[in-house]
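S.K.: Below: one structure in structure tokens.
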Amino acid sequence: MRKKAYFSLLAFLCLLSACGGNGGKTETVLQERRIPELIAAVPSDALAVLCYDRCAEGLALYDSTSVLHQLDLSAFKNTPMALSLCYNGSLVPVLALDAGRTEAVDSASAVNGLLGQAAALRLKAEYIRPDLEAKRRGIVIITPSNAQLTAVRRHLTEYTSILDAPLFRQALAAAASDQFIIFRNSGAARLAPKGWMASFFTRRDLTGFLQTFADWTVLTPDADGFTVTPVSGISDSYFNNLMEALPPADVKFGTVLPDTVRLAMALSVTQPEARAVFERYQDASTQLTRYRQRLDDLKKASGKDPLLWEKELDIREVALVHFNGGAVSMVRPARAVQDREPGENPWQGFIPALYGSAFALADDSATASFGGWHIYGSEAAVRAFVEAPRSEEPASKWPGKGCRFVFRNNDKTLAWDKKGIKLTWNSNQ
């Protein structure tokens with residue numbers, strides 16, 4: 001949540017999945033661990049919530065352009081905090097601070113000073129007295145919106161919060177820590193900034209998929225990044241519920257990537273399990289008829305059934321790469337193919353029809369073979385990819401062994417392997 005940072009994470013989840021953590025086990029875990037006290041100040045309709053033990057660490061993750069960063073919070077730097085993002089005509093932050101754990105000797109003076117700062121910045125702020133019945137210390141609430149301050153007051157008075165939102169308790173249990181970031185997937189269209197990932201994907205595709213990918217997406221900090229856990233209901237319309245059944249395999253696209261990659265993602269596909277999973281998802285999403293019609297149209301146009309093409313090649317991996325020379329999609333067959341110069345692509349449209357619109361290109365009229373892969377794109381992009389400079393050991397920079405999915409954009413890498421989903425920042429892998 002530095003400007004656009006964690007919102008970009010949502011894009012990484014488009015073809016990613018993992019065990020949602022729902023069911024009896026997460027309920028048991030929830031009962032065994034303490035619910036963060038400040039969750040009481042997060043409205044039930046919040047689209048995201050960030051909880052940290054130290055305000056200085058948590059607020060540093062939020063949009064650096066926010067007016068909240070103009071507050072002097074030195075007396076509260078080690079105070080527990082909860083930052084929620086709510087929608088009230090626009091995205092509105094609500095900061096809740098534990099007023100009973102300030103750095104100041106006189107906590108009352110520290111609270112009054114903070115309320116004065118907020119007033120000077122035209123923020124709405126209030127000190128909420130301790131609640132003995134709820135076993136809750138005093139809380140300072142700060143937000144730019146009077147309507148959101150009123151909503152927090154109402155929730156506290158009625159003892160309701162985001163804990164009452166469907167499956168949020170399971171999401172909280174999946175965090176397995178008092179420090180976390182949790183996104184509500186149905187709010188993806190409102191959480192995403194304008195122009196988000198527009199150079200690579202359409203906004204409609206990204207937000208539309210994310211809204212049905214899971215109910216909640218949970219980030220839990222660890223030593224060098226975040227563990228990511230989607231949480232959802234049991235329906236096959238949630239893509240993560242299907243993909244978790246697929247066995248991990250090796251992702252090898254790092255062996256052929258150019259040095260100038262802007263965005264790259266690869267998905268391992270094991271047949272026939274992968275095809276069955278994709279078709280179950282299409283069926284549960286009421287898209288199966290459209291999916292089959294698209295395949296029929298491509299068969300008539302090319303003279304080749306895309307499903308037969310997939311089977312004959314025995315495709316093990318599909319990838320998308322944006323680099324300085326353009327954009328290409330790629331497939332790796334089970335048996336390596338000999339290098340071949342760029343030529344006309346007779347299978348235009350096959351890859352997005354089989355593996356999703358995330359792999360679609362504006363132009364896939366050309367194809368070549370390189371490094372054991374079939375490469376597709378415009379003639380200029382395919383040629384540029386084949387001729388691009390590469391480091392001596394390109395694969396060493398990319399996670400790949402036992403992976404289901406790998407995604408990198410600039411300094412952010414998301415990898416899903418046997419241990420789960422991991423987001424790393426400033427990766428030097």
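Residues are referred to by chain and number: the chain letter is A, B, ... according to the order shown in the structure tokens, the number counts from 1 in that chain, and ligands are numbered separately from 1 in the order shown.
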When DSSP works through the backbone of this structure, what residues of segment 4-190 of chain A end up as helix (DSSP H, G or I), shown as a PyMOL selection string?
M.R.: chain A and resi 5-12+24-32+37-41+55-59+67-70+74-76+107-120+146-158+162-164+168-175+185-190
S.K.: Please measure the separation of atom CA of Leu47 of chain A and atom CA of Ala189 of chain A, giving the value in Å to one decimal.
M.R.: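 Separation of atom CA of Leu47 of chain A and atom CA of Ala189 of chain A: 10.4 Å.
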S.K.: List the neighbours of Ala266 of chain A out to 9 Å using only C-alpha atoms; skip same-chain residues closer than 4 positions along the sequence, and give me the result as number ranges by chain.
M.R.: A: 251-253, 317-321, 330, 404-407
S.K.: Would you mind listing what lies within 7 Å of segment 341-358 of chain A as a JSON list (two decimals) with C-alpha atoms, in the first residue's frame, with only C-alpha atoms counted and same-chain residues fewer than 4 positions away left out?
M.R.:
```json
[["chain", "number", "residue", "atom", "x", "y", "z"],
["A", 201, "PHE", "CA", -4.08, -6.28, -18.77],
["A", 294, "ARG", "CA", -14.85, -20.19, -28.81],
["A", 295, "LEU", "CA", -12.96, -23.45, -29.27],
["A", 302, "SER", "CA", -7.67, -22.90, -38.31],
["A", 306, "PRO", "CA", -7.28, -26.40, -29.88],
["A", 364, "ASP", "CA", -0.23, -13.25, -32.17],
["A", 365, "SER", "CA", 0.14, -13.60, -35.92],
["A", 366, "ALA", "CA", 3.72, -14.92, -35.78],
["A", 367, "THR", "CA", 5.43, -17.88, -34.12],
["A", 368, "ALA", "CA", 8.92, -19.25, -33.64],
["A", 369, "SER", "CA", 10.59, -21.99, -31.62],
["A", 379, "GLU", "CA", 6.50, -10.76, -35.97],
["A", 382, "VAL", "CA", 8.80, -12.73, -31.67],
["A", 383, "ARG", "CA", 11.97, -11.82, -33.51]]
```
S.K.: Report the residues of segment 173-410 of chain A whose backbone DSSP state falls under strand (DSSP E or B), written as a ChimeraX atom specification.
M.R.: /A:180-184,216-222,225-231,249,261-268,315-323,326-333,340-344,366-370,373-377,403-409
S.K.: Hey, what's within 10 Å of Glu393 of chain A if we count only C-alpha atoms and toss same-chain stuff fewer than 5 positions away? As an mmCIF file with C-alpha atoms, in the first residue's frame, please?
M.R.:
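Produced file part-v3.cif, reproduced below:
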```cif
data_model
loop_
_atom_site.group_PDB
_atom_site.id
_atom_site.type_symbol
_atom_site.label_atom_id
_atom_site.label_comp_id
_atom_site.auth_asym_id
_atom_site.auth_seq_id
_atom_site.Cartn_x
_atom_site.Cartn_y
_atom_site.Cartn_z
ATOM 1 C CA GLY A 254 13.504 -18.568 -16.577
ATOM 2 C CA THR A 255 15.863 -20.405 -18.928
ATOM 3 C CA VAL A 256 14.749 -18.357 -21.952
#
```
S.K.: Which neighbours of Ile162 of chain A fall inside 6 Å, counting only C-alpha atoms, when residues of the same chain fewer than 5 positions from it are skipped, and could you give them as a PDB file with all heavy atoms, in the first residue's frame?
M.R.:
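File produced: out_37.pdb:
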```
ATOM      1  N   VAL A  42     -13.144  -1.617  13.065  1.00  0.00           N
ATOM      2  CA  VAL A  42     -13.170  -1.784  11.606  1.00  0.00           C
ATOM      3  C   VAL A  42     -14.604  -2.072  11.170  1.00  0.00           C
ATOM      4  O   VAL A  42     -15.176  -3.092  11.550  1.00  0.00           O
ATOM      5  CB  VAL A  42     -12.242  -2.932  11.165  1.00  0.00           C
ATOM      6  CG1 VAL A  42     -12.313  -3.108   9.655  1.00  0.00           C
ATOM      7  CG2 VAL A  42     -10.814  -2.666  11.619  1.00  0.00           C
ATOM      8  N   PRO A  43     -15.215  -1.177  10.370  1.00  0.00           N
ATOM      9  CA  PRO A  43     -16.612  -1.369   9.954  1.00  0.00           C
ATOM     10  C   PRO A  43     -16.830  -2.680   9.197  1.00  0.00           C
ATOM     11  O   PRO A  43     -15.920  -3.191   8.530  1.00  0.00           O
ATOM     12  CB  PRO A  43     -16.879  -0.160   9.046  1.00  0.00           C
ATOM     13  CG  PRO A  43     -15.908   0.879   9.504  1.00  0.00           C
ATOM     14  CD  PRO A  43     -14.673   0.108   9.898  1.00  0.00           C
ATOM     15  N   SER A  44     -18.015  -3.213   9.297  1.00  0.00           N
ATOM     16  CA  SER A  44     -18.324  -4.511   8.693  1.00  0.00           C
ATOM     17  C   SER A  44     -18.218  -4.504   7.174  1.00  0.00           C
ATOM     18  O   SER A  44     -18.029  -5.554   6.559  1.00  0.00           O
ATOM     19  CB  SER A  44     -19.732  -4.957   9.110  1.00  0.00           C
ATOM     20  OG  SER A  44     -20.693  -3.985   8.727  1.00  0.00           O
TER      21      SER A  44
END
```
S.K.: Which residues are near segment 211-214 of chain A? Cut-off 7 Å, only C-alpha atoms, ignore same chain within fewer than 6 positions. Put them as a short mmCIF file (atom, residue, chain, number, x, y, z; two decimals) with all heavy atoms, in the first residue's frame.
M.R.:
```
data_model
loop_
_atom_site.label_atom_id
_atom_site.label_comp_id
_atom_site.auth_asym_id
_atom_site.auth_seq_id
_atom_site.Cartn_x
_atom_site.Cartn_y
_atom_site.Cartn_z
N ASN A 185 -12.09 -9.40 -1.71
CA ASN A 185 -11.96 -9.51 -3.16
C ASN A 185 -13.11 -8.87 -3.93
O ASN A 185 -12.92 -8.36 -5.04
CB ASN A 185 -11.84 -10.99 -3.57
CG ASN A 185 -10.46 -11.53 -3.30
OD1 ASN A 185 -9.99 -11.51 -2.17
ND2 ASN A 185 -9.79 -12.02 -4.32
N SER A 186 -14.30 -8.87 -3.35
CA SER A 186 -15.43 -8.26 -4.05
C SER A 186 -15.24 -6.76 -4.21
O SER A 186 -15.93 -6.14 -5.03
CB SER A 186 -16.73 -8.54 -3.29
OG SER A 186 -16.70 -7.96 -1.99
N ALA A 188 -12.45 -5.37 -5.34
CA ALA A 188 -11.29 -5.15 -6.20
C ALA A 188 -11.44 -3.95 -7.12
O ALA A 188 -10.50 -3.17 -7.31
CB ALA A 188 -11.01 -6.40 -7.03
N PRO A 230 -5.49 -17.07 0.01
CA PRO A 230 -6.87 -16.77 -0.36
C PRO A 230 -7.83 -17.58 0.51
O PRO A 230 -7.54 -18.73 0.84
CB PRO A 230 -6.98 -17.18 -1.82
CG PRO A 230 -5.70 -17.83 -2.19
CD PRO A 230 -4.85 -17.95 -0.98
N VAL A 231 -8.94 -16.99 0.86
CA VAL A 231 -9.97 -17.66 1.66
C VAL A 231 -11.30 -17.53 0.93
O VAL A 231 -11.70 -16.42 0.55
CB VAL A 231 -10.07 -17.04 3.06
CG1 VAL A 231 -11.22 -17.64 3.86
CG2 VAL A 231 -8.75 -17.23 3.82
N SER A 232 -12.00 -18.64 0.75
CA SER A 232 -13.24 -18.59 -0.01
C SER A 232 -14.21 -19.65 0.45
O SER A 232 -13.87 -20.52 1.25
CB SER A 232 -12.95 -18.78 -1.51
OG SER A 232 -12.48 -20.08 -1.75
N SER A 237 -16.90 -22.10 -8.42
CA SER A 237 -16.79 -20.80 -9.09
C SER A 237 -15.63 -19.98 -8.54
O SER A 237 -15.24 -18.98 -9.13
CB SER A 237 -18.09 -20.01 -8.95
OG SER A 237 -18.38 -19.72 -7.60
N TYR A 238 -15.09 -20.40 -7.38
CA TYR A 238 -13.86 -19.80 -6.87
C TYR A 238 -12.69 -20.58 -7.47
O TYR A 238 -12.51 -21.77 -7.22
CB TYR A 238 -13.79 -19.90 -5.35
CG TYR A 238 -14.84 -19.10 -4.62
CD1 TYR A 238 -15.94 -19.73 -4.07
CD2 TYR A 238 -14.71 -17.72 -4.48
CE1 TYR A 238 -16.90 -19.00 -3.38
CE2 TYR A 238 -15.67 -16.99 -3.80
CZ TYR A 238 -16.76 -17.63 -3.25
OH TYR A 238 -17.71 -16.91 -2.58
N PHE A 239 -11.87 -19.89 -8.25
CA PHE A 239 -10.81 -20.55 -8.98
C PHE A 239 -9.82 -21.24 -8.04
O PHE A 239 -9.27 -22.29 -8.35
CB PHE A 239 -10.09 -19.54 -9.87
CG PHE A 239 -9.26 -20.15 -10.95
CD1 PHE A 239 -9.86 -20.92 -11.93
CD2 PHE A 239 -7.90 -19.96 -11.01
CE1 PHE A 239 -9.11 -21.49 -12.95
CE2 PHE A 239 -7.14 -20.52 -12.01
CZ PHE A 239 -7.74 -21.28 -12.99
N ASN A 240 -9.58 -20.64 -6.87
CA ASN A 240 -8.59 -21.22 -5.96
C ASN A 240 -9.03 -22.59 -5.43
O ASN A 240 -8.20 -23.43 -5.12
CB ASN A 240 -8.30 -20.28 -4.79
CG ASN A 240 -9.51 -20.04 -3.91
OD1 ASN A 240 -10.57 -19.70 -4.41
ND2 ASN A 240 -9.36 -20.20 -2.62
#
```
S.K.: Would you please work out which residue, of A:Pro144, A:Met81, A:Ala249, A:Arg129, is nearest to Val67 of chain A when using only C-alpha atoms?
M.R.: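 Checking each candidate against Val67 of chain A, we get A:Pro144 as the closest.
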S.K.: Rounded to one decimal place, report the atom CA of Leu246 of chain A-atom CA of Ser285 of chain A distance in Å.
M.R.: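 Taking atom CA of Leu246 of chain A and atom CA of Ser285 of chain A, their separation equals 19.0 Å.
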S.K.: Expressed in Å to a single decimal, how great is the separation between atom CA of Ile139 of chain A and atom CA of Ala96 of chain A?
M.R.: 6.4 Å
